[in-house]
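S.K.: Got a structure for you, data-v5.csv, holding CSV, C-alpha atoms and all ligand atoms.
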chain,number,residue,atom,x,y,z
L,1,MET,CA,172.1,212.6,209.5
L,2,SER,CA,168.7,214.4,210.1
L,3,LYS,CA,167.3,214.9,213.6
L,4,GLU,CA,164.7,212.2,213.0
L,5,THR,CA,167.4,209.6,212.4
L,6,VAL,CA,167.3,206.9,215.1
L,7,HIS,CA,170.8,206.3,216.5
L,8,VAL,CA,171.1,202.5,217.1
L,9,GLY,CA,173.5,200.7,219.5
L,10,LEU,CA,174.2,197.1,218.6
L,11,ILE,CA,175.4,194.3,221.0
L,12,GLY,CA,176.6,191.2,219.2
L,13,THR,CA,178.3,191.5,215.8
L,14,GLY,CA,178.2,187.8,214.8
L,15,ALA,CA,176.1,186.4,211.9
L,16,ILE,CA,172.8,188.0,212.6
L,17,GLY,CA,174.2,191.2,214.3
L,18,SER,CA,176.3,192.0,211.2
L,19,LEU,CA,173.3,191.3,208.9
L,20,HIS,CA,171.0,193.7,211.0
L,21,ALA,CA,173.8,196.3,210.9
L,22,GLU,CA,174.0,196.1,207.2
L,23,ASN,CA,170.2,196.3,206.8
L,24,LEU,CA,170.0,199.3,209.1
L,25,MET,CA,172.8,201.1,207.2
L,26,ARG,CA,172.0,200.2,203.6
L,27,ARG,CA,168.5,198.7,203.2
L,28,THR,CA,166.2,200.6,205.5
L,29,ARG,CA,165.2,204.3,206.2
L,30,GLY,CA,165.5,206.4,209.3
L,31,ALA,CA,168.3,204.8,211.3
L,32,THR,CA,172.0,204.6,211.6
L,33,VAL,CA,174.2,202.4,213.7
L,34,VAL,CA,176.4,204.7,215.9
L,35,ALA,CA,177.8,202.2,218.5
L,36,VAL,CA,178.6,198.5,218.7
L,37,MET,CA,179.9,196.1,221.3
L,38,ASP,CA,181.0,192.5,221.2
L,39,ILE,CA,183.2,190.5,223.5
L,40,ASP,CA,185.0,189.6,220.3
L,41,GLN,CA,186.5,193.1,219.7
L,42,GLU,CA,187.9,192.2,216.3
L,43,ARG,CA,184.4,191.5,215.1
L,44,ALA,CA,183.0,194.6,216.7
L,45,HIS,CA,185.7,196.7,215.0
L,46,ALA,CA,185.0,195.1,211.6
L,47,VAL,CA,181.2,195.8,211.9
L,48,ALA,CA,181.9,199.4,213.2
L,49,ALA,CA,184.1,200.1,210.2
L,50,ALA,CA,181.2,199.0,207.9
L,51,CYS,CA,178.9,201.4,209.8
L,52,ASP,CA,180.6,204.6,208.9
L,53,GLY,CA,183.0,204.3,211.8
L,54,ALA,CA,180.5,203.6,214.6
L,55,ARG,CA,182.0,203.8,218.1
L,56,VAL,CA,183.2,200.5,219.6
L,57,TYR,CA,182.5,199.8,223.3
L,58,VAL,CA,184.1,197.2,225.5
L,59,ASP,CA,181.4,197.2,228.1
L,60,ALA,CA,177.7,196.7,227.2
L,61,GLY,CA,176.5,198.7,230.1
L,62,ASP,CA,178.4,201.8,229.0
L,63,LEU,CA,176.9,201.4,225.5
L,64,ILE,CA,173.3,201.1,226.8
L,65,ALA,CA,173.9,204.2,229.0
L,66,ASP,CA,175.3,206.3,226.2
L,67,PRO,CA,172.9,209.3,225.7
L,68,ALA,CA,173.8,209.4,222.0
L,69,VAL,CA,172.2,206.0,221.6
L,70,ASP,CA,168.4,206.1,221.1
L,71,ALA,CA,167.6,202.4,220.7
L,72,MET,CA,169.3,199.1,221.2
L,73,LEU,CA,169.6,196.0,219.0
L,74,ILE,CA,170.6,192.8,221.0
L,75,ALA,CA,172.1,190.1,218.8
L,76,SER,CA,174.5,188.5,221.1
L,77,THR,CA,174.4,184.8,222.4
L,78,ASP,CA,171.0,183.6,223.8
L,79,ARG,CA,172.1,183.5,227.4
L,80,THR,CA,172.9,187.3,227.4
L,81,HIS,CA,169.5,188.5,226.1
L,82,ALA,CA,167.4,188.8,229.3
L,83,ASP,CA,169.9,190.9,231.3
L,84,PHE,CA,170.7,193.2,228.3
L,85,ALA,CA,167.0,193.7,227.6
L,86,ILE,CA,166.3,194.6,231.2
L,87,ALA,CA,169.2,197.1,231.2
L,88,CYS,CA,167.8,198.7,228.1
L,89,ILE,CA,164.3,198.9,229.6
L,90,GLU,CA,165.7,200.5,232.8
L,91,ALA,CA,167.5,203.0,230.6
L,92,GLY,CA,164.2,203.8,228.9
L,93,LYS,CA,165.4,202.6,225.5
L,94,ARG,CA,163.5,200.8,222.8
L,95,VAL,CA,165.0,197.4,222.1
L,96,LEU,CA,164.9,194.8,219.3
L,97,CYS,CA,166.0,191.6,221.1
L,98,GLU,CA,166.9,188.6,219.1
L,99,LYS,CA,165.0,185.3,219.9
L,100,PRO,CA,164.9,183.7,222.3
L,101,LEU,CA,164.1,186.5,224.7
L,102,ALA,CA,165.8,184.5,227.4
L,103,THR,CA,166.9,180.9,227.9
L,104,THR,CA,164.2,180.2,230.6
L,105,ALA,CA,160.7,181.3,231.1
L,106,ALA,CA,161.7,182.7,234.6
L,107,ASP,CA,164.2,185.0,233.0
L,108,ALA,CA,161.8,186.0,230.2
L,109,GLU,CA,159.3,186.9,233.0
L,110,ARG,CA,161.9,189.2,234.6
L,111,VAL,CA,162.0,191.1,231.2
L,112,LEU,CA,158.2,191.2,231.2
L,113,ARG,CA,158.1,192.6,234.7
L,114,ALA,CA,160.7,195.2,233.9
L,115,GLU,CA,158.5,196.4,231.1
L,116,LEU,CA,155.4,196.3,233.2
L,117,ALA,CA,157.3,198.5,235.8
L,118,VAL,CA,157.7,201.2,233.2
L,119,GLY,CA,154.1,200.7,231.9
L,120,ARG,CA,154.8,200.6,228.2
L,121,ARG,CA,156.1,198.2,225.6
L,122,LEU,CA,159.7,198.9,224.8
L,123,VAL,CA,160.7,195.4,223.5
L,124,GLN,CA,160.2,193.8,220.1
L,125,VAL,CA,161.4,190.2,219.9
L,126,GLY,CA,163.2,189.0,216.8
L,127,PHE,CA,160.5,186.5,215.6
L,128,MET,CA,160.9,187.8,212.1
L,129,ARG,CA,158.6,185.3,210.4
L,130,GLU,CA,155.8,187.8,211.2
L,131,TYR,CA,157.4,189.9,208.5
L,132,ASP,CA,157.8,187.2,205.9
L,133,HIS,CA,155.3,187.5,203.0
L,134,ALA,CA,154.6,183.8,202.8
L,135,HIS,CA,153.6,183.7,206.5
L,136,ARG,CA,151.8,187.0,206.4
L,137,ASP,CA,149.7,186.0,203.4
L,138,LEU,CA,148.7,182.8,205.1
L,139,TYR,CA,147.9,184.7,208.3
L,140,ASP,CA,145.8,187.3,206.5
L,141,LEU,CA,143.8,184.6,204.6
L,142,LEU,CA,143.1,182.7,207.8
L,143,LYS,CA,142.0,185.9,209.6
L,144,SER,CA,139.7,186.8,206.7
L,145,GLY,CA,137.6,183.7,207.7
L,146,ALA,CA,138.3,182.0,204.3
L,147,ILE,CA,138.5,178.5,205.9
L,148,GLY,CA,136.4,179.1,209.1
L,149,ALA,CA,137.8,178.3,212.5
L,150,ALA,CA,141.3,176.7,212.4
L,151,LEU,CA,141.4,173.1,213.5
L,152,LYS,CA,145.0,172.0,212.9
L,153,PHE,CA,148.3,173.9,212.5
L,154,ARG,CA,151.3,172.2,210.9
L,155,SER,CA,154.8,173.5,210.3
L,156,VAL,CA,157.9,172.0,208.8
L,157,HIS,CA,161.3,173.6,209.5
L,158,ILE,CA,164.1,172.2,207.4
L,159,ASN,CA,167.8,173.1,207.9
L,160,PRO,CA,170.5,172.1,205.4
L,161,ARG,CA,173.1,170.6,207.8
L,162,PHE,CA,174.4,170.7,211.3
L,163,VAL,CA,176.7,173.6,212.2
L,164,ARG,CA,177.2,172.1,215.7
L,165,GLU,CA,176.2,169.2,217.8
L,166,LEU,CA,172.7,169.9,219.0
L,167,THR,CA,170.8,168.5,221.9
L,168,ILE,CA,167.0,168.2,221.9
L,169,ASP,CA,166.9,171.0,224.6
L,170,SER,CA,168.9,173.4,222.4
L,171,VAL,CA,166.9,172.5,219.3
L,172,ILE,CA,163.7,173.4,221.2
L,173,THR,CA,165.0,176.7,222.8
L,174,ASN,CA,167.0,178.0,219.9
L,175,SER,CA,165.3,176.7,216.7
L,176,LEU,CA,161.8,175.3,217.3
L,177,ILE,CA,161.1,178.4,219.4
L,178,HIS,CA,160.5,180.1,216.0
L,179,ASP,CA,157.9,177.4,215.1
L,180,ILE,CA,156.3,177.6,218.6
L,181,HIS,CA,155.9,181.4,218.2
L,182,SER,CA,154.5,181.0,214.6
L,183,ALA,CA,151.9,178.5,215.9
L,184,ARG,CA,150.7,180.8,218.7
L,185,TRP,CA,150.7,183.9,216.4
L,186,ILE,CA,149.0,182.2,213.4
L,187,MET,CA,146.4,180.4,215.4
L,188,GLY,CA,145.8,183.4,217.6
L,189,GLU,CA,145.7,181.4,220.8
L,190,GLU,CA,148.0,179.8,223.4
L,191,ILE,CA,149.3,176.2,223.5
L,192,SER,CA,148.0,174.3,226.5
L,193,SER,CA,150.1,171.1,226.2
L,194,ALA,CA,153.0,169.7,224.3
L,195,TYR,CA,154.5,166.3,223.5
L,196,VAL,CA,158.0,165.8,222.0
L,197,GLN,CA,159.5,163.0,220.0
L,198,TRP,CA,162.9,163.1,218.3
L,199,ALA,CA,165.4,161.0,216.4
L,200,PRO,CA,169.0,161.2,217.8
L,201,VAL,CA,172.0,161.8,215.6
L,202,ASP,CA,173.2,158.4,216.7
L,203,ARG,CA,172.2,156.0,219.5
L,204,ALA,CA,175.3,156.6,221.5
L,205,HIS,CA,174.1,160.2,222.1
L,206,PRO,CA,170.4,159.8,222.9
L,207,ARG,CA,169.8,163.5,223.7
L,208,SER,CA,171.3,164.7,220.4
L,209,ALA,CA,168.5,165.6,217.9
L,210,ARG,CA,168.6,165.3,214.2
L,211,LEU,CA,164.8,165.3,213.7
L,212,ALA,CA,162.2,166.4,216.2
L,213,ASP,CA,158.5,166.7,216.2
L,214,ILE,CA,156.3,168.5,218.7
L,215,GLN,CA,152.6,167.6,219.0
L,216,VAL,CA,150.6,170.4,220.6
L,217,ILE,CA,147.1,171.1,221.8
L,218,PHE,CA,145.8,174.7,221.7
L,219,GLU,CA,143.4,176.2,224.3
L,220,SER,CA,140.4,175.8,221.9
L,221,GLY,CA,141.1,172.1,221.4
L,222,ALA,CA,142.7,172.6,218.0
L,223,ILE,CA,145.8,170.5,217.4
L,224,GLY,CA,149.3,171.1,215.9
L,225,SER,CA,152.4,169.4,214.7
L,226,LEU,CA,155.8,171.2,214.5
L,227,GLU,CA,158.4,169.3,212.7
L,228,TYR,CA,162.1,170.1,212.6
L,229,ASN,CA,164.9,168.6,210.5
L,230,GLY,CA,168.4,169.7,211.5
L,231,ASP,CA,170.3,168.0,208.7
L,232,SER,CA,168.3,167.6,205.5
L,233,GLY,CA,171.4,167.8,203.3
L,234,TYR,CA,169.3,169.6,200.6
L,235,GLY,CA,168.5,173.2,201.7
L,236,TYR,CA,166.5,175.4,204.0
L,237,GLU,CA,162.7,175.5,204.1
L,238,VAL,CA,160.0,176.7,206.4
L,239,THR,CA,156.4,175.9,205.5
L,240,VAL,CA,153.1,176.2,207.3
L,241,GLU,CA,149.6,174.9,206.7
L,242,VAL,CA,146.4,175.3,208.6
L,243,THR,CA,143.3,173.1,208.2
L,244,GLY,CA,140.0,174.9,209.0
L,245,GLU,CA,136.4,174.0,209.1
L,246,THR,CA,135.8,174.7,205.4
L,247,GLY,CA,139.2,174.5,203.8
L,248,LYS,CA,143.0,174.5,204.1
L,249,VAL,CA,145.7,177.2,203.6
L,250,GLU,CA,149.3,176.4,202.8
L,251,SER,CA,152.2,178.9,202.8
L,252,ALA,CA,154.1,179.4,199.5
L,253,SER,CA,157.4,177.6,200.2
L,254,HIS,CA,159.4,178.2,197.0
L,255,PRO,CA,160.0,181.8,196.0
L,256,SER,CA,162.1,180.6,193.0
L,257,PRO,CA,160.6,179.9,189.5
L,258,SER,CA,160.1,176.4,188.3
L,259,LEU,CA,162.3,175.2,185.4
L,260,ARG,CA,161.3,172.7,182.8
L,261,GLN,CA,164.4,171.4,181.0
L,262,ALA,CA,165.8,168.2,179.5
L,263,GLY,CA,162.9,166.1,180.5
L,264,SER,CA,162.7,167.3,184.1
L,265,LEU,CA,160.8,169.9,186.2
L,266,SER,CA,162.9,171.6,189.0
L,267,ARG,CA,162.9,174.4,191.4
L,268,ALA,CA,165.8,175.8,193.5
L,269,ILE,CA,165.4,175.6,197.3
L,270,THR,CA,167.0,178.4,199.3
L,271,PRO,CA,170.3,177.2,200.8
L,272,ASN,CA,170.1,178.9,204.2
L,273,TRP,CA,168.1,181.1,206.6
L,274,PRO,CA,169.8,184.5,205.6
L,275,GLN,CA,168.6,183.9,202.0
L,276,ARG,CA,165.2,182.5,202.8
L,277,PHE,CA,164.3,185.3,205.2
L,278,ALA,CA,166.3,188.1,203.6
L,279,HIS,CA,163.3,190.4,203.1
L,280,ALA,CA,161.8,189.5,206.5
L,281,TYR,CA,164.9,190.7,208.3
L,282,ILE,CA,164.8,194.0,206.4
L,283,ASP,CA,161.0,194.5,207.0
L,284,GLU,CA,161.5,193.5,210.7
L,285,VAL,CA,164.1,196.3,211.4
L,286,GLN,CA,162.2,198.8,209.3
L,287,ALA,CA,159.0,198.1,211.3
L,288,TRP,CA,161.0,198.5,214.5
L,289,ILE,CA,162.5,201.8,213.5
L,290,ASP,CA,159.1,203.1,212.2
L,291,ALA,CA,157.5,202.3,215.6
L,292,ILE,CA,160.1,204.2,217.6
L,293,GLY,CA,158.2,207.4,217.2
L,294,GLN,CA,155.0,205.8,218.6
L,295,LYS,CA,154.2,205.3,222.2
L,296,ASP,CA,154.6,201.5,222.2
L,297,ALA,CA,156.7,199.0,220.4
L,298,THR,CA,154.9,196.8,217.8
L,299,GLY,CA,155.4,193.3,216.5
L,300,PRO,CA,156.3,190.3,218.6
L,301,SER,CA,156.2,191.4,222.3
L,302,ALA,CA,158.0,190.4,225.5
L,303,TRP,CA,154.8,188.4,226.2
L,304,ASP,CA,155.4,186.4,223.0
L,305,GLY,CA,159.0,185.9,224.1
L,306,TYR,CA,157.8,184.7,227.5
L,307,MET,CA,155.0,182.4,226.3
L,308,SER,CA,157.2,180.8,223.6
L,309,LEU,CA,159.6,179.9,226.4
L,310,VAL,CA,156.7,178.6,228.6
L,311,VAL,CA,155.9,176.2,225.7
L,312,ALA,CA,159.6,175.4,225.2
L,313,GLU,CA,159.9,174.4,228.8
L,314,ALA,CA,156.8,172.1,228.6
L,315,CYS,CA,158.5,170.5,225.5
L,316,ILE,CA,161.8,170.0,227.5
L,317,ARG,CA,159.8,168.4,230.3
L,318,SER,CA,158.1,166.1,227.8
L,319,ALA,CA,161.5,165.2,226.4
L,320,GLU,CA,162.6,164.3,229.9
L,321,THR,CA,159.5,162.3,230.9
L,322,GLY,CA,158.3,160.9,227.6
L,323,GLN,CA,154.8,162.2,228.4
L,324,PRO,CA,152.7,165.2,227.2
L,325,GLN,CA,153.2,168.2,229.5
L,326,THR,CA,150.8,171.0,230.2
L,327,THR,CA,152.1,174.6,230.0
L,328,HIS,CA,152.2,176.8,233.1
L,329,ALA,CA,152.1,180.5,232.6
L,330,ILE,CA,151.3,183.7,234.6
L,331,GLU,CA,148.1,185.5,233.7
L,332,LYS,CA,148.5,187.7,230.6
L,333,PRO,CA,149.0,191.3,231.8
L,334,ALA,CA,146.7,194.0,230.4
L,335,LEU,CA,149.7,195.7,228.7
L,336,TYR,CA,149.8,192.9,226.1
B,401,LIG,N1,165.8,185.6,214.2
B,401,LIG,C1,166.6,184.8,213.5
B,401,LIG,O1,166.2,184.2,212.5
B,401,LIG,C2,168.0,184.5,214.1
B,401,LIG,C3,168.9,184.0,213.2
B,401,LIG,C4,170.2,183.7,213.7
B,401,LIG,C5,170.5,184.0,215.0
B,401,LIG,N2,169.5,184.5,215.8
B,401,LIG,C6,169.8,184.8,217.3
B,401,LIG,O2,170.7,185.8,217.3
B,401,LIG,C7,171.7,185.6,218.3
B,401,LIG,C8,173.1,185.6,217.7
B,401,LIG,O3,173.2,184.5,216.8
B,401,LIG,P1,174.3,184.4,215.7
B,401,LIG,O4,173.9,183.4,214.7
B,401,LIG,O5,174.6,185.8,215.2
B,401,LIG,O6,175.5,183.9,216.6
B,401,LIG,P2,177.1,184.3,216.4
B,401,LIG,O7,177.8,183.3,217.3
B,401,LIG,O8,177.4,184.4,215.0
B,401,LIG,O9,177.2,185.7,217.1
B,401,LIG,C9,177.0,185.9,218.5
B,401,LIG,C10,177.9,187.1,218.9
B,401,LIG,O10,177.6,187.4,220.3
B,401,LIG,C11,178.9,187.7,220.9
B,401,LIG,N3,178.7,187.6,222.3
B,401,LIG,C12,178.7,186.5,223.1
B,401,LIG,N4,178.6,186.9,224.4
B,401,LIG,C13,178.5,188.2,224.4
B,401,LIG,C14,178.4,189.2,225.5
B,401,LIG,N5,178.3,188.8,226.7
B,401,LIG,N6,178.4,190.5,225.1
B,401,LIG,C15,178.5,190.9,223.8
B,401,LIG,N7,178.6,190.0,222.8
B,401,LIG,C16,178.6,188.7,223.1
B,401,LIG,C17,179.8,186.7,220.3
B,401,LIG,O11,181.2,187.1,220.4
B,401,LIG,C18,179.4,186.7,218.8
B,401,LIG,O12,180.1,187.6,218.0
B,401,LIG,C19,171.3,184.3,219.0
B,401,LIG,O13,170.6,184.6,220.2
B,401,LIG,C20,170.4,183.6,218.0
B,401,LIG,O14,169.5,182.8,218.6
B,401,LIG,C21,168.3,184.8,215.4
The structure given in the file should be rewritten as structure tokens.

M.R.:
Amino acid sequence: MSKETVHVGLIGTGAIGSLHAENLMRRTRGATVVAVMDIDQERAHAVAAACDGARVYVDAGDLIADPAVDAMLIASTDRTHADFAIACIEAGKRVLCEKPLATTAADAERVLRAELAVGRRLVQVGFMREYDHAHRDLYDLLKSGAIGAALKFRSVHINPRFVRELTIDSVITNSLIHDIHSARWIMGEEISSAYVQWAPVDRAHPRSARLADIQVIFESGAIGSLEYNGDSGYGYEVTVEVTGETGKVESASHPSPSLRQAGSLSRAITPNWPQRFAHAYIDEVQAWIDAIGQKDATGPSAWDGYMSLVVAEACIRSAETGQPQTTHAIEKPALY
């Protein structure tokens, strides 16, 4: 290990935590995982063993305080993110925190204020679509002015099948939060109001959500539609399109080649998120490591984490009232 190698501490060694660990150890440059922690110690030991014998901690606070750890990756359950991120900021450590930054806008604001107190950006939030080529190409085309000002954003987020019973609230905070962030990032402006409709899994459980659709209005008056399918039965897809004053851009949705055979034309659809966004996860952690030598963190910020939750809460209020709801946010601090 050279002196320039970033020593990473990892909290949460489940599906995404173990993927990030593998990417840091085998598919990126400049970092190594030296310590891990999970309340499931068996998982922690399994991931540590795959990280050249990284140290296993029982207590997250002890890991964050370890002077041998330069930077922290938080990939534990949603409700743990805000407190762990704040502890990392207070320890002066850079942190890649999985989405959502918190489970409420108030908790995300606490993270934001901790960062403001140290006066620099230490947090990158795991909105990895910013590192996906299909999204990036669409973003660059839009920013080049190719279709004039954007008038409408549309995204479709398709999951293969339910892994657990989901309520409309958890679909918004855990899954649609990605689409909310994409909408803000790609349109380059905030969402001012949101209206939610959804189809339940069955009528006996009206707050369960199989399909959901968020209609949004942006500050400029542009409009948007964010569609989610939790149980398509056929694969995993995320697509985006933007209609502008002089044209329309659509993201490339199928990285696989098309096949003409036996009288049919077909194309494989990626089966799940780890495959669809495999490259984005690698580029995301590489960008995080590369920025550690710079003064401020780059990529999706704590402000993005906060604002996406402000919109998510407007969506949840809409789901409760059946009415469109305006968003209520603090003024954007100069740091962002
Ligand atoms: N960016 C993405 O595309 C993406 C994809 C998947 C998951 N995620 C996010 O990553 C996080 C983890 O998701 P996952 O799919 O890996 O879930 P998971 O259930 O597979 O793993 C979560 C892990 O966190 C551990 N954990 C729970 N409480 C803890 C605590 N207090 N301290 C330490 N560890 C604790 C659990 O034991 C488990 O091993 C979630 O917040 C999820 O929203 C993001």

S.K.: If you count all atoms listed in the file, which residues end up within 10 Å of ligand LIG 401 (chain B), as a VMD selection string?

M.R.: chain L and resid 10 to 20 36 to 44 57 to 61 74 to 81 83 to 84 97 to 103 125 to 129 173 to 175 177 to 178 273 to 274 276 to 278 280 to 281 284

S.K.: Could you tell me how far atom CA of Ala194 of chain L sits from atom CA of Ile86 of chain L, in Å to one decimal place?

M.R.: 29.1 Å

S.K.: Could you check how far atom CA of Tyr195 of chain L sits from atom CA of Leu176 of chain L, in Å to one decimal?

M.R.: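 One can read the atom CA of Tyr195 of chain L to atom CA of Leu176 of chain L distance as 13.1 Å.
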
S.K.: Could the residues of segment 79-155 of chain L that have an atom at most 9 Å from segment 250-266 of chain L be listed as CSV, each with its closest atom pair and the distance in Å to one decimal, counting all atoms listed in the file and ordered by chain and ascending residue number?

M.R.:
residue,atom,partner,partner_atom,distance
L:His133,CA,L:Ala252,CA,8.9
L:Ala134,CA,L:Ser251,CA,5.5
L:His135,CA,L:Ser251,CA,6.2
L:Arg136,CA,L:Ser251,CA,8.9
L:Asp137,CA,L:Ser251,CA,7.6
L:Leu138,CA,L:Ser251,CA,5.7

S.K.: Take the selection from the previous step and output its residues with C-alpha atoms, as a short mmCIF file (atom, residue, chain, number, x, y, z; two decimals), in the frame of the given file.

M.R.:
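File out-v7.cif, as written:
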data_model
loop_
_atom_site.label_atom_id
_atom_site.label_comp_id
_atom_site.auth_asym_id
_atom_site.auth_seq_id
_atom_site.Cartn_x
_atom_site.Cartn_y
_atom_site.Cartn_z
CA HIS L 133 155.30 187.50 203.00
CA ALA L 134 154.60 183.80 202.80
CA HIS L 135 153.60 183.70 206.50
CA ARG L 136 151.80 187.00 206.40
CA ASP L 137 149.70 186.00 203.40
CA LEU L 138 148.70 182.80 205.10
#

S.K.: Find the residues around Ala31 of chain L up to 9 Å (all atoms listed in the file counted), leave out those fewer than 6 positions away in its own chain, and share them as a ChimeraX atom specification.

M.R.: /L:1,4-8,24-25,286,289

S.K.: So, counting only C-alpha atoms, which residue among L:Glu237, L:Asp304, L:Glu219, L:Glu115 is closest to Asn272 of chain L?

M.R.: L:Glu237

S.K.: Which is closest to Ala291 of chain L among L:Gln124, L:His45, L:Val238, L:Arg110, if we use all atoms listed in the file?

M.R.: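 Going through L:Gln124, L:His45, L:Val238, L:Arg110 one by one, the smallest distance to Ala291 of chain L is for L:Gln124.
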